[in-house]
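work-v6.txt (compact mmCIF, C-alpha atoms) appears below.
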# COMPACT_ATOMS: atom_id res chain seq x y z
CA MET A 1 -36.49 45.59 3.28
CA LYS A 2 -39.58 43.41 3.33
CA GLY A 3 -38.03 40.80 0.97
CA LEU A 4 -34.58 40.81 2.64
CA PRO A 5 -35.30 38.10 5.29
CA SER A 6 -36.64 35.70 2.67
CA VAL A 7 -33.60 36.35 0.45
CA LEU A 8 -31.29 35.62 3.41
CA ILE A 9 -33.18 32.43 4.26
CA LEU A 10 -33.12 31.20 0.65
CA SER A 11 -29.43 32.00 0.20
CA SER A 12 -28.48 30.24 3.48
CA LEU A 13 -30.55 27.18 2.49
CA ALA A 14 -28.87 27.07 -0.91
CA ALA A 15 -25.34 27.52 0.48
CA GLY A 16 -25.81 25.15 3.45
CA PRO A 17 -25.91 21.80 1.58
CA ALA A 18 -23.10 22.84 -0.76
CA ALA A 19 -20.84 23.76 2.16
CA ALA A 20 -21.79 20.62 4.07
CA ALA A 21 -21.05 18.37 1.08
CA GLU A 22 -17.51 19.69 0.67
CA PHE A 23 -14.95 17.36 2.29
CA VAL A 24 -11.51 18.65 3.13
CA ASP A 25 -8.89 16.01 3.89
CA ASP A 26 -6.27 17.47 6.21
CA GLY A 27 -4.37 14.19 6.63
CA PRO A 28 -0.69 13.68 5.89
CA TYR A 29 -1.43 12.44 2.34
CA ALA A 30 -3.63 15.41 1.33
CA ARG A 31 -2.51 18.10 -1.12
CA GLN A 32 1.13 17.14 -0.96
CA ARG A 33 3.51 14.74 -2.58
CA SER A 34 5.10 12.43 -0.02
CA LEU A 35 8.05 10.08 -0.07
CA ILE A 36 7.22 7.00 1.99
CA LEU A 37 9.86 4.73 3.50
CA THR A 38 8.69 1.34 4.79
CA VAL A 39 10.15 -1.41 6.93
CA GLY A 40 8.43 -4.47 8.29
CA PRO A 41 8.47 -8.19 9.00
CA GLY A 42 6.16 -10.86 7.67
CA ALA A 43 5.71 -14.50 6.75
CA THR A 44 5.33 -16.25 3.41
CA TYR A 45 4.04 -19.73 2.54
CA THR A 46 5.43 -20.98 -0.80
CA GLU A 47 4.52 -23.84 -3.13
CA ARG A 48 7.19 -24.21 -5.81
CA ILE A 49 7.60 -26.69 -8.69
CA SER A 50 10.83 -26.66 -10.64
CA GLY A 51 11.61 -29.47 -13.04
CA THR A 52 10.81 -32.72 -11.24
CA SER A 53 11.14 -31.34 -7.70
CA ALA A 54 8.53 -29.63 -5.56
CA VAL A 55 9.25 -27.53 -2.50
CA SER A 56 6.81 -25.99 -0.06
CA GLY A 57 7.16 -24.31 3.28
CA LEU A 58 6.98 -21.29 5.50
CA ALA A 59 9.55 -18.49 5.51
CA GLY A 60 10.02 -15.31 7.48
CA HIS A 61 10.72 -12.13 5.54
CA LEU A 62 11.81 -8.53 6.02
CA ASP A 63 10.60 -5.77 3.70
CA LEU A 64 12.44 -2.52 2.95
CA GLY A 65 10.66 -0.17 0.59
CA VAL A 66 10.14 3.26 -0.84
CA GLY A 67 7.00 4.79 -2.29
CA LEU A 68 5.77 8.07 -3.75
CA THR A 69 2.21 9.34 -3.46
CA VAL A 70 0.42 10.11 -6.71
CA GLY A 71 -2.81 12.07 -7.20
CA TYR A 72 -4.87 13.47 -4.36
CA GLU A 73 -6.15 10.37 -2.57
CA GLY A 74 -2.88 9.07 -1.12
CA ASP A 75 -2.40 6.39 -3.78
CA GLU A 76 1.21 5.28 -4.15
CA VAL A 77 3.68 3.77 -6.55
CA PHE A 78 6.15 1.63 -4.63
CA LEU A 79 9.30 -0.47 -4.84
CA LEU A 80 9.99 -3.08 -2.19
CA ALA A 81 13.00 -5.31 -1.52
CA ARG A 82 12.08 -8.47 0.40
CA GLY A 83 14.64 -10.81 1.91
CA SER A 84 13.35 -14.13 3.21
CA THR A 85 14.70 -17.24 4.82
CA GLY A 86 12.98 -20.51 5.62
CA ARG A 87 11.92 -23.84 4.09
CA PRO A 88 11.97 -22.80 0.41
CA GLY A 89 15.49 -21.40 0.92
CA ASP A 90 17.00 -17.94 1.15
CA GLU A 91 15.45 -15.58 -1.38
CA LEU A 92 15.45 -11.97 -2.51
CA ALA A 93 12.39 -10.50 -4.19
CA LEU A 94 11.93 -7.11 -5.80
CA ILE A 95 8.29 -6.03 -5.82
CA THR A 96 6.94 -2.96 -7.58
CA GLY A 97 3.41 -1.79 -8.08
CA TYR A 98 0.55 0.58 -7.44
CA ARG A 99 -1.22 0.88 -4.07
CA SER A 100 -4.74 2.30 -4.24
CA VAL A 101 -5.91 3.68 -0.89
CA PHE A 102 -9.55 3.91 0.22
CA GLY A 103 -11.03 5.92 3.08
CA SER A 104 -10.39 9.29 4.61
CA GLU A 105 -9.94 8.76 8.33
CA SER A 106 -6.96 7.49 10.30
CA TRP A 107 -7.90 3.88 9.37
CA ARG A 108 -7.70 3.30 5.61
CA THR A 109 -7.76 0.20 3.43
CA PHE A 110 -5.62 -0.46 0.38
CA LEU A 111 -5.34 -2.69 -2.67
CA GLU A 112 -1.98 -3.39 -4.32
CA LEU A 113 -1.41 -4.54 -7.90
CA GLY A 114 2.14 -5.23 -8.94
CA VAL A 115 4.91 -7.45 -10.22
CA SER A 116 7.33 -9.60 -8.26
CA VAL A 117 10.80 -10.55 -9.52
CA ARG A 118 13.05 -13.09 -7.80
CA PRO A 119 16.38 -12.80 -9.66
CA ILE A 120 18.50 -15.10 -7.49
CA SER A 121 16.47 -18.19 -6.59
CA GLY A 122 14.89 -18.72 -9.99
CA PRO A 123 14.63 -16.48 -11.77
CA TRP A 124 10.89 -16.04 -11.21
CA LEU A 125 8.62 -13.30 -12.52
CA GLY A 126 4.92 -12.89 -11.92
CA PRO A 127 1.93 -10.82 -10.86
CA ARG A 128 1.16 -9.85 -7.28
CA ILE A 129 -2.03 -8.68 -5.58
CA GLY A 130 -2.29 -7.53 -1.99
CA PHE A 131 -4.81 -5.90 0.29
CA GLY A 132 -4.78 -4.62 3.82
CA ALA A 133 -5.27 -1.74 6.23
CA ARG A 134 -3.20 1.22 7.32
CA HIS A 135 -3.53 3.24 10.52
CA THR A 136 -2.10 6.76 10.43
CA LEU A 137 -0.43 7.52 13.76
CA SER A 138 0.67 11.09 12.96
CA ASP A 139 1.56 13.29 10.02
CA HIS A 140 4.78 11.31 9.63
CA PHE A 141 4.10 7.72 10.72
CA ALA A 142 1.63 4.95 9.89
CA LEU A 143 1.31 1.24 10.69
CA TYR A 144 0.09 -1.21 8.05
CA GLY A 145 -0.66 -4.88 7.58
CA GLY A 146 -2.14 -7.11 4.96
CA LEU A 147 -2.32 -10.25 2.89
CA GLY A 148 -0.75 -10.79 -0.53
CA PHE A 149 -0.66 -13.40 -3.28
CA THR A 150 2.11 -13.83 -5.86
CA PHE A 151 2.41 -16.21 -8.79
CA GLY A 152 5.76 -16.86 -10.42
CA PHE A 153 6.84 -18.20 -13.78
CA GLY A 154 10.30 -18.84 -15.13
CA SER A 155 12.23 -21.66 -13.49
CA GLY A 156 9.00 -23.60 -13.10
CA LEU A 157 5.87 -22.47 -11.29
CA ARG A 158 5.38 -21.01 -7.84
CA ALA A 159 2.63 -19.54 -5.69
CA ASP A 160 3.21 -17.47 -2.56
CA THR A 161 0.79 -16.37 0.13
CA GLU A 162 2.15 -13.67 2.39
CA LEU A 163 1.25 -11.84 5.58
CA PHE A 164 3.00 -8.50 5.87
CA THR A 165 3.18 -5.75 8.49
CA GLY A 166 5.26 -2.68 8.97
CA LEU A 167 5.87 0.96 9.70
CA GLN A 168 5.73 3.78 7.16
CA TRP A 169 7.68 7.00 7.54
CA ILE A 170 5.91 9.73 5.54
CA ILE A 171 8.15 12.57 4.34
CA PRO A 172 6.47 15.52 2.55
CA VAL A 173 8.42 16.47 -0.58
CA GLY A 174 6.13 18.94 -2.37
CA SER A 175 2.69 19.73 -3.70
CA ALA A 176 0.46 17.13 -5.38
CA SER A 177 -0.72 19.65 -7.96
Could the structure of this file be written out as structure tokens, please?
Amino acid sequence: MKGLPSVLILSSLAAGPAAAAEFVDDGPYARQRSLILTVGPGATYTERISGTSAVSGLAGHLDLGVGLTVGYEGDEVFLLARGSTGRPGDELALITGYRSVFGSESWRTFLELGVSVRPISGPWLGPRIGFGARHTLSDHFALYGGLGFTFGFGSGLRADTELFTGLQWIIPVGSAS
């Protein structure tokens, strides 16, 4: 009995840091696979060179997309259809890629790496990088916004800088394991 208090103290000291170091994410992206539907407006500035002509200008755009979470951190693979109208002309872009999400609270940041295809106005094909922030409103809704850069090759050269915003609808579809 004499050694019992010291055993209890040692065992609680040993278990305390291990229990405190364990993080459990109970957010909408944790431990489940989710289908994510997105919709949102934005603006794009384009510099485009095709043959001997150059076009530049600002366009408004609307994004409609779908994504699927992968892994345990809320990372996503996504496909986005973007319709835009403005100075460079009416365009349709298909954007696909991987969105890596950082953070564990309601405010999270993300980095997107992907490919953009513009089949109608070019065609144009090129890499895309984007970054931004997402605020989780509930288990089923989040707001997001960010900045993206796209380069295009094909019918000449083009560079796009975009501001994007939107709403995500998060639909659980199963376990992430």
Residues of stretch 38-148 of chain A that have any atom at most 7 Å from an atom of stretch 159-167 of chain A: could you tabulate them with the shortest-distance atom pair and the distance in Å to one decimal, using all atoms listed in the file, ordered by chain and increasing number, as a Markdown table?
| residue | atom | partner | partner_atom | distance |
| --- | --- | --- | --- | --- |
| A:Thr38 | CA | A:Leu167 | CA | 5.7 |
| A:Val39 | CA | A:Gly166 | CA | 5.4 |
| A:Gly40 | CA | A:Gly166 | CA | 3.7 |
| A:Pro41 | CA | A:Thr165 | CA | 5.8 |
| A:Gly42 | CA | A:Phe164 | CA | 4.3 |
| A:Ala43 | CA | A:Leu163 | CA | 5.3 |
| A:Thr44 | CA | A:Glu162 | CA | 4.2 |
| A:Tyr45 | CA | A:Thr161 | CA | 5.3 |
| A:Thr46 | CA | A:Asp160 | CA | 4.5 |
| A:Glu47 | CA | A:Ala159 | CA | 5.3 |
| A:Arg48 | CA | A:Ala159 | CA | 6.5 |
| A:Ala142 | CA | A:Leu167 | CA | 5.8 |
| A:Leu143 | CA | A:Leu167 | CA | 4.7 |
| A:Tyr144 | CA | A:Gly166 | CA | 5.5 |
| A:Gly145 | CA | A:Thr165 | CA | 4.0 |
| A:Gly146 | CA | A:Phe164 | CA | 5.4 |
| A:Leu147 | CA | A:Leu163 | CA | 4.7 |
| A:Gly148 | CA | A:Glu162 | CA | 5.0 |
Worksheet item: In Å, with one decimal, what is the gap from atom CA of A:His61 to atom CA of A:Leu80?
Response: 11.9 Å
Worksheet entry | Long-range neighbours of stretch 110-122 of chain A as JSON, numbers by chain, 9 Å cut-off, only C-alpha atoms, 3 positions minimum in chain | {"A": [50, 75, 89, 90, 91, 92, 93, 94, 95, 96, 97, 98, 99, 100, 101, 102, 103, 125, 126, 127, 128, 129, 130, 131, 132, 133, 134, 146, 148, 150, 151, 152, 153, 154, 155, 156]}
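Between atom CA of A:Tyr72 and atom CA of A:Leu137 the separation is 19.6 Å.
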Item to complete: Just give me the gap between atom CA of A:Leu37 and atom CA of A:Gly83 in Å, one decimal is fine.
Response: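 Taking atom CA of A:Leu37 and atom CA of A:Gly83, their separation equals 16.3 Å.
Minimum atom-to-atom distances from A:Gly86, A:Gln168, A:Gly174, A:Ile49 to A:Leu64 were compared using only C-alpha atoms, and the lowest value belongs to A:Gln168.
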